[in-house]
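A.B. asks: To start, I am sharing the structure in question, which I have written as structure tokens.
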Amino acid sequence: MSAGPLRVVHVSPRVQARGGIETLHDYHQRLPLPQTFVAFFDRRPTPRSGYINLDFNWRTPLWLMRRRFARALATQAGSLVVYHNGWGLPLWHDLDAASRRAVFLHANPAYHAGDLAVQAGLIDWAAGVTPALRDAWNRVLPELTPARTVIVRAPVEAPPMPRGTRQPGEPIVLGCAGRIERGQKRLDRLPALLRALEVAGLSFRFEALGDGALRVPLERKLGRQVRFHGWVPKQEFWRVLAGWDAIVFFTDFEGGAIALFEAMALGVVPFWPAIGGSWGDVYVPQIDPRCYYPPRDMAALAEAIQKVFQSPPGRLDAMRAQARALVADHSSGAYEAACLAWLRTLMELPRISSARRRRPRLTDLLPLGLVTRLAPGALRLS
């Protein structure tokens, strides 16, 4: 029996920012149904219809976060509430007045391992960006039957971009794209890679698309070794990306990395760490096993880059063609149709989530930054 008109509320750490989750929010906004996007930590956002910024920061105490969240969701009662990365679910599930509740997980199982058990009994449905999450759900949340889980293929809308031909003796152009931060991206490993490439005697240029907390210290440290483009308009992003021979990733926990799919769509050769549980672990070995390097080993990554680009031109062309073929199904139209189908199916299923009464705690009086440092477990107590 239908639960009524479908309305969706996305709650997310950030909505108006740069990164994979935010890119998916841009696609979600195109869906032809009533939606509201609630951000926790957006900085200097642009006001717009269907958007609420709660303006949290590390100084905001948990009790005030709960109050702001309750006020924002009071006008959205009866909606399907989707918690992106599950952030905040234990803290305020009892305040969301949802008709159904879901999580949308954007990293691999290792990243979410500490949170899955907390979600038991609180959600009706789960989406994830990597197939490896299915095993984790089966093991930790058996109530989520196959009808209540879905693995997404993040969409890519790459324009036709001509690729130049690198002449013999020209340097290899390498790059990275996304947030320039330690966190999931682990851009702190970039200096070690550059040293390893120099030791290997490889002729190369390195470029970075994106920005973040590590950009300034890396620019100071690396000098002229790296060209930092910052955040650029999308058309410029595609132009720069199409000029790269290869893209490198240093991540520990990412499940998809939209930049991976975007680069593959342009035929840029990806190098991905063997972290397990991500789309990179699925796709990259199919392009060339040498591109799938031991995690955290920058010497091994440099050696892999050197060996791959010693391949005959025909072999490199085949790798680029395979990369494009693997992401051919990552279309925006397919993603939109799949999203609508998942959401409508969920609203037809019986509700299995509850809203447990949350007991006030001493940590609710503390600012988020202090709780994160001294008592991170409090953020998982429902």
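By order of appearance in the structure tokens: chains A, B, ..., then residues from 1 within every chain, and ligands from 1 in the order shown.
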Please, which residues of range 269-380 of chain A, numbered as in this document, come out strand (DSSP E) from DSSP, as JSON, numbers by chain?
C.D. replies: {"A": [269, 270, 271, 272, 273, 292, 293]}
A.B. asks: DSSP on the backbone: which residues in range 227-347 of chain A end up as alpha helix (DSSP H)? Give the answer as a PyMOL selection string.
C.D. replies: chain A and resi 234-242+258-265+279-287+298-308+313-326+332-347
A.B. asks: Using only C-alpha atoms, find each residue of range 212-301 of chain A with at least one atom at most 12 Å away from an atom of range 141-164 of chain A; report its shortest atom-to-atom pair and that distance in Å (one decimal), sort the rows by chain and rising residue number, and return the result as CSV.
C.D. replies:
residue,atom,partner,partner_atom,distance
A:Lys234,CA,A:Ala158,CA,9.9
A:Gln235,CA,A:Pro159,CA,8.6
A:Glu236,CA,A:Pro159,CA,11.3
A:Phe237,CA,A:Ala158,CA,10.4
A:Trp238,CA,A:Ala158,CA,7.4
A:Arg239,CA,A:Met161,CA,7.4
A:Val240,CA,A:Met161,CA,10.3
A:Leu241,CA,A:Met161,CA,9.6
A:Ala242,CA,A:Arg163,CA,6.3
A:Gly243,CA,A:Arg163,CA,6.8
A:Trp244,CA,A:Arg163,CA,8.9
A:Asp245,CA,A:Arg163,CA,9.3
A:Gly255,CA,A:Ala154,CA,10.7
A:Gly256,CA,A:Ala154,CA,7.8
A:Ala257,CA,A:Ala154,CA,8.9
A:Ile258,CA,A:Ala154,CA,6.8
A:Ala259,CA,A:Val156,CA,9.2
A:Leu260,CA,A:Val156,CA,10.0
A:Phe261,CA,A:Val156,CA,6.8
A:Glu262,CA,A:Val156,CA,6.0
A:Ala263,CA,A:Ala158,CA,8.9
A:Met264,CA,A:Ala158,CA,9.7
A:Ala265,CA,A:Ala158,CA,6.4
A:Leu266,CA,A:Ala158,CA,7.1
A:Gly267,CA,A:Arg163,CA,8.5
A:Val268,CA,A:Arg163,CA,9.4
A:Ser278,CA,A:Ile151,CA,11.4
A:Trp279,CA,A:Arg153,CA,9.1
A.B. asks: I'd like the contact shell of range 29-33 of chain A - 7 Å cut-off, only C-alpha atoms, skipping same-chain residues fewer than 3 positions apart - returned as a PDB file with C-alpha atoms, in the first residue's frame.
C.D. replies:
ATOM      1  CA  ARG A   7       8.729  13.900  -0.726  1.00  0.00           C
ATOM      2  CA  HIS A  25      23.318  16.393  -4.873  1.00  0.00           C
ATOM      3  CA  ASP A  26      23.450  18.423  -8.087  1.00  0.00           C
ATOM      4  CA  GLU A 336      17.871   9.630 -12.614  1.00  0.00           C
TER       5      GLU A 336
END
A.B. asks: Output as a Markdown table one row per residue of range 218-311 of chain A within 12 Å of range 112-117 of chain A: the closest atom pair and its distance in Å to one decimal place, counting only C-alpha atoms, sorted by chain and residue number ascending.
C.D. replies:
| residue | atom | partner | partner_atom | distance |
| --- | --- | --- | --- | --- |
| A:Phe253 | CA | A:His112 | CA | 9.0 |
| A:Glu254 | CA | A:His112 | CA | 10.5 |
| A:Gly255 | CA | A:His112 | CA | 10.3 |
| A:Gly277 | CA | A:His112 | CA | 11.2 |
A.B. asks: Using only C-alpha atoms for the distances, tell me which of A:Arg220, A:Arg59, A:Arg66, A:His84 is nearest to Ser12 in chain A.
C.D. replies: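 Closest residue, counting only C-alpha atoms: A:His84.
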A.B. asks: Write out as an MDAnalysis selection string each polymer residue whose atoms come within 10 Å of Ala97 in chain A, counting only C-alpha atoms; drop sequence neighbours fewer than 3 positions from it.
C.D. replies: chainID A and resid 70 73:81 93:94 100:101 355
A.B. asks: Rank nothing, just name the residue among A:Phe40, A:Leu174, A:Leu218, A:Leu194 nearest to Phe206 in chain A, using only C-alpha atoms.
C.D. replies: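 Ranking A:Phe40, A:Leu174, A:Leu218, A:Leu194 by distance to Phe206 in chain A, first place goes to A:Leu174.
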A.B. asks: Choose the residue, out of A:Ile52, A:Thr23, A:Tyr293, A:Ser353, that has the smallest atom-to-atom separation from Ala98 in chain A; count only C-alpha atoms.
C.D. replies: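 Ranking A:Ile52, A:Thr23, A:Tyr293, A:Ser353 by distance to Ala98 in chain A, first place goes to A:Ser353.
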A.B. asks: When you count only C-alpha atoms, which of these residues is closest to Ala321 in chain A: A:Ile287, A:Tyr335, A:Val232, A:Asn53?
C.D. replies: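 Selected residue with least distance to Ala321 in chain A: A:Ile287.
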A.B. asks: Which residues are close to Pro217 in chain A, i.e. within 12 Å by only C-alpha atoms, leaving aside same-chain residues fewer than 6 positions away? Reply as a PyMOL selection string.
C.D. replies: chain A and resi 180-182+187-188+190-191+211+223+228
A.B. asks: Find, counting only C-alpha atoms, the residue in A:Pro289, A:Gly183, A:Pro5, A:Gly178 that gets nearest to Gln35 in chain A.
C.D. replies: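 Ranking A:Pro289, A:Gly183, A:Pro5, A:Gly178 by distance to Gln35 in chain A, first place goes to A:Pro5.
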A.B. asks: Phe271 in chain A: which residues within 10 Å, counting only C-alpha atoms, same-chain residues fewer than 2 positions away excluded, as an MDAnalysis selection string?
C.D. replies: chainID A and resid 246:250 260 268:269 273:274 280 284:285 287:293 301 304:305
A.B. asks: Would you compute the distance between CA of Ala325 in chain A and CA of Trp272 in chain A? Give it in Å to one decimal.
C.D. replies: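 Pair CA of Ala325 in chain A / CA of Trp272 in chain A returns 17.7 Å.
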A.B. asks: Have a look at A:Val8, A:Leu95, A:Leu105, A:Ile123 and name the one nearest to Arg351 in chain A; count only C-alpha atoms.
C.D. replies: A:Ile123
